[in-house]
Structure formats: structure tokens, C-alpha cells
>>> print(open('run.pdb').read())   # PDB, C-alpha atoms, pLDDT in the B column
ATOM      1  CA  MET A   1      -3.210 -84.515  22.433  1.00 60.00           C
ATOM      2  CA  LEU A   2       0.515 -85.104  22.368  1.00 59.00           C
ATOM      3  CA  VAL A   3       2.596 -83.406  25.021  1.00 68.00           C
ATOM      4  CA  PHE A   4       6.370 -83.405  24.822  1.00 67.00           C
ATOM      5  CA  LEU A   5       8.479 -83.523  27.940  1.00 71.00           C
ATOM      6  CA  ASP A   6       9.666 -79.960  27.361  1.00 77.00           C
ATOM      7  CA  GLY A   7       6.042 -78.747  27.238  1.00 68.00           C
ATOM      8  CA  THR A   8       6.227 -77.522  23.607  1.00 72.00           C
ATOM      9  CA  VAL A   9       2.786 -78.746  22.625  1.00 71.00           C
ATOM     10  CA  MET A  10       1.268 -77.464  25.853  1.00 65.00           C
ATOM     11  CA  LYS A  11       2.659 -73.986  25.133  1.00 66.00           C
ATOM     12  CA  ASP A  12       1.184 -74.053  21.633  1.00 72.00           C
ATOM     13  CA  TYR A  13      -2.129 -75.206  23.088  1.00 75.00           C
ATOM     14  CA  GLU A  14      -2.080 -72.356  25.596  1.00 79.00           C
ATOM     15  CA  LYS A  15      -1.378 -69.855  22.804  1.00 79.00           C
ATOM     16  CA  LEU A  16      -4.220 -71.339  20.783  1.00 81.00           C
ATOM     17  CA  ALA A  17      -6.523 -71.016  23.803  1.00 83.00           C
ATOM     18  CA  GLU A  18      -5.472 -67.366  24.216  1.00 84.00           C
ATOM     19  CA  LEU A  19      -6.139 -66.753  20.533  1.00 81.00           C
ATOM     20  CA  ALA A  20      -9.557 -68.401  20.821  1.00 86.00           C
ATOM     21  CA  ASP A  21     -10.380 -66.136  23.777  1.00 89.00           C
ATOM     22  CA  ALA A  22      -9.265 -63.078  21.810  1.00 89.00           C
ATOM     23  CA  VAL A  23     -11.367 -64.105  18.809  1.00 88.00           C
ATOM     24  CA  ALA A  24     -14.363 -64.653  21.089  1.00 91.00           C
ATOM     25  CA  GLY A  25     -13.856 -61.159  22.508  1.00 91.00           C
ATOM     26  CA  VAL A  26     -13.699 -59.613  19.049  1.00 91.00           C
ATOM     27  CA  ASN A  27     -16.810 -61.551  18.020  1.00 90.00           C
ATOM     28  CA  LYS A  28     -18.676 -60.288  21.086  1.00 91.00           C
ATOM     29  CA  ASN A  29     -17.655 -56.710  20.314  1.00 89.00           C
ATOM     30  CA  LEU A  30     -18.761 -57.064  16.686  1.00 89.00           C
ATOM     31  CA  GLN A  31     -22.131 -58.404  17.816  1.00 89.00           C
ATOM     32  CA  GLU A  32     -22.553 -55.423  20.148  1.00 88.00           C
ATOM     33  CA  ILE A  33     -21.589 -53.031  17.348  1.00 86.00           C
ATOM     34  CA  THR A  34     -24.085 -54.696  15.013  1.00 85.00           C
ATOM     35  CA  TYR A  35     -26.816 -54.490  17.640  1.00 82.00           C
ATOM     36  CA  SER A  36     -26.021 -50.817  18.302  1.00 81.00           C
ATOM     37  CA  SER A  37     -26.005 -50.108  14.581  1.00 79.00           C
ATOM     38  CA  GLU A  38     -29.418 -51.749  14.174  1.00 79.00           C
ATOM     39  CA  ASN A  39     -30.775 -49.677  17.050  1.00 77.00           C
ATOM     40  CA  MET A  40     -29.258 -46.534  15.571  1.00 77.00           C
ATOM     41  CA  SER A  41     -30.922 -47.271  12.237  1.00 80.00           C
ATOM     42  CA  THR A  42     -34.294 -47.679  13.962  1.00 79.00           C
ATOM     43  CA  GLU A  43     -33.803 -44.483  15.959  1.00 78.00           C
ATOM     44  CA  THR A  44     -32.652 -42.581  12.867  1.00 82.00           C
ATOM     45  CA  LYS A  45     -35.694 -43.787  10.948  1.00 81.00           C
ATOM     46  CA  GLY A  46     -37.937 -42.588  13.787  1.00 83.00           C
ATOM     47  CA  VAL A  47     -36.247 -39.184  13.853  1.00 86.00           C
ATOM     48  CA  LEU A  48     -36.568 -38.779  10.087  1.00 83.00           C
ATOM     49  CA  GLN A  49     -40.252 -39.705  10.248  1.00 86.00           C
ATOM     50  CA  SER A  50     -40.789 -37.135  13.007  1.00 89.00           C
ATOM     51  CA  ILE A  51     -39.017 -34.461  10.969  1.00 88.00           C
ATOM     52  CA  GLY A  52     -41.191 -35.316   7.961  1.00 89.00           C
ATOM     53  CA  LYS A  53     -44.355 -34.984  10.046  1.00 89.00           C
ATOM     54  CA  LEU A  54     -43.142 -31.691  11.493  1.00 90.00           C
ATOM     55  CA  GLN A  55     -42.471 -30.363   7.992  1.00 89.00           C
ATOM     56  CA  GLN A  56     -45.976 -31.400   6.915  1.00 87.00           C
ATOM     57  CA  ASN A  57     -47.492 -29.631   9.888  1.00 87.00           C
ATOM     58  CA  MET A  58     -45.446 -26.519   9.222  1.00 88.00           C
ATOM     59  CA  GLN A  59     -46.637 -26.473   5.586  1.00 84.00           C
ATOM     60  CA  GLN A  60     -50.238 -27.012   6.655  1.00 82.00           C
ATOM     61  CA  PHE A  61     -50.094 -24.064   9.047  1.00 83.00           C
ATOM     62  CA  ARG A  62     -47.781 -22.106   6.723  1.00 74.00           C
ATOM     63  CA  VAL A  63     -45.135 -21.646   9.343  1.00 59.00           C
TER      64      VAL A  63
END
>>> encode(input="run.pdb", output="C-alpha cells")
Amino acid sequence: MLVFLDGTVMKDYEKLAELADAVAGVNKNLQEITYSSENMSTETKGVLQSIGKLQQNMQQFRV
């Protein structure tokens, strides 16, 4: 790494490090959103299956 006496390269490096931290934060948030979405899909599927079973039971007992 080349550092000028006025610190120009160091400043750019620091900005790049800040950007890398921000990107890592966004990536973490996206992973959490994806995980939550997958869980929501599983929960939604379970709810829909329960509703289907309830409807079958209601038809069987003519409710």
C-alpha cells in the first residue's frame, strides 16, 4: 500500500473500509430478511394446511 505524506491514500483506504463495513451490514440484513421470509413461507404453508383440514372437517360434519 502506498501512503502519501498528506495521507491521501490512507483517507481513501479508510473510506473503503467504511464502505466494506456498510456492505457487510447490508448483507447481514439481507440474510436475516431471507431467513425470515423462509420461515414465513413455512409458517404460511402450515396455516394453509390447517385451514384445509378444518374445511374438510367442517364438510364432513356439515358445519
>>> atom_distance(input="run.pdb", atom1="atom CA of A:Val26", atom2="atom CA of A:Thr8")
27.2 Å
>>> atom_distance(input="run.pdb", atom1="atom CA of A:Val47", atom2="atom CA of A:Leu30")
25.2 Å
>>> atom_distance(input="run.pdb", atom1="atom CA of A:Val9", atom2="atom CA of A:Val23")
20.7 Å
>>> decode(input="run.pdb", residues="stretch 24-41 of chain A", atoms="C-alpha atoms", output="PDB file, in the first residue's frame")
ATOM      1  CA  ALA A  24     -21.307  -6.226   5.288  1.00  0.00           C
ATOM      2  CA  GLY A  25     -24.152  -4.707   7.307  1.00  0.00           C
ATOM      3  CA  VAL A  26     -26.475  -4.701   4.309  1.00  0.00           C
ATOM      4  CA  ASN A  27     -25.505  -8.297   3.525  1.00  0.00           C
ATOM      5  CA  LYS A  28     -26.273  -9.340   7.102  1.00  0.00           C
ATOM      6  CA  ASN A  29     -29.663  -7.629   6.943  1.00  0.00           C
ATOM      7  CA  LEU A  30     -30.474  -9.309   3.622  1.00  0.00           C
ATOM      8  CA  GLN A  31     -29.565 -12.696   5.083  1.00  0.00           C
ATOM      9  CA  GLU A  32     -31.869 -12.054   8.046  1.00  0.00           C
ATOM     10  CA  ILE A  33     -34.668 -10.977   5.701  1.00  0.00           C
ATOM     11  CA  THR A  34     -34.174 -14.111   3.607  1.00  0.00           C
ATOM     12  CA  TYR A  35     -34.221 -16.299   6.708  1.00  0.00           C
ATOM     13  CA  SER A  36     -37.375 -14.571   7.984  1.00  0.00           C
ATOM     14  CA  SER A  37     -39.000 -14.937   4.581  1.00  0.00           C
ATOM     15  CA  GLU A  38     -38.210 -18.663   4.517  1.00  0.00           C
ATOM     16  CA  ASN A  39     -39.695 -19.053   7.989  1.00  0.00           C
ATOM     17  CA  MET A  40     -42.758 -17.072   6.959  1.00  0.00           C
ATOM     18  CA  SER A  41     -43.238 -19.336   3.947  1.00  0.00           C
TER      19      SER A  41
END
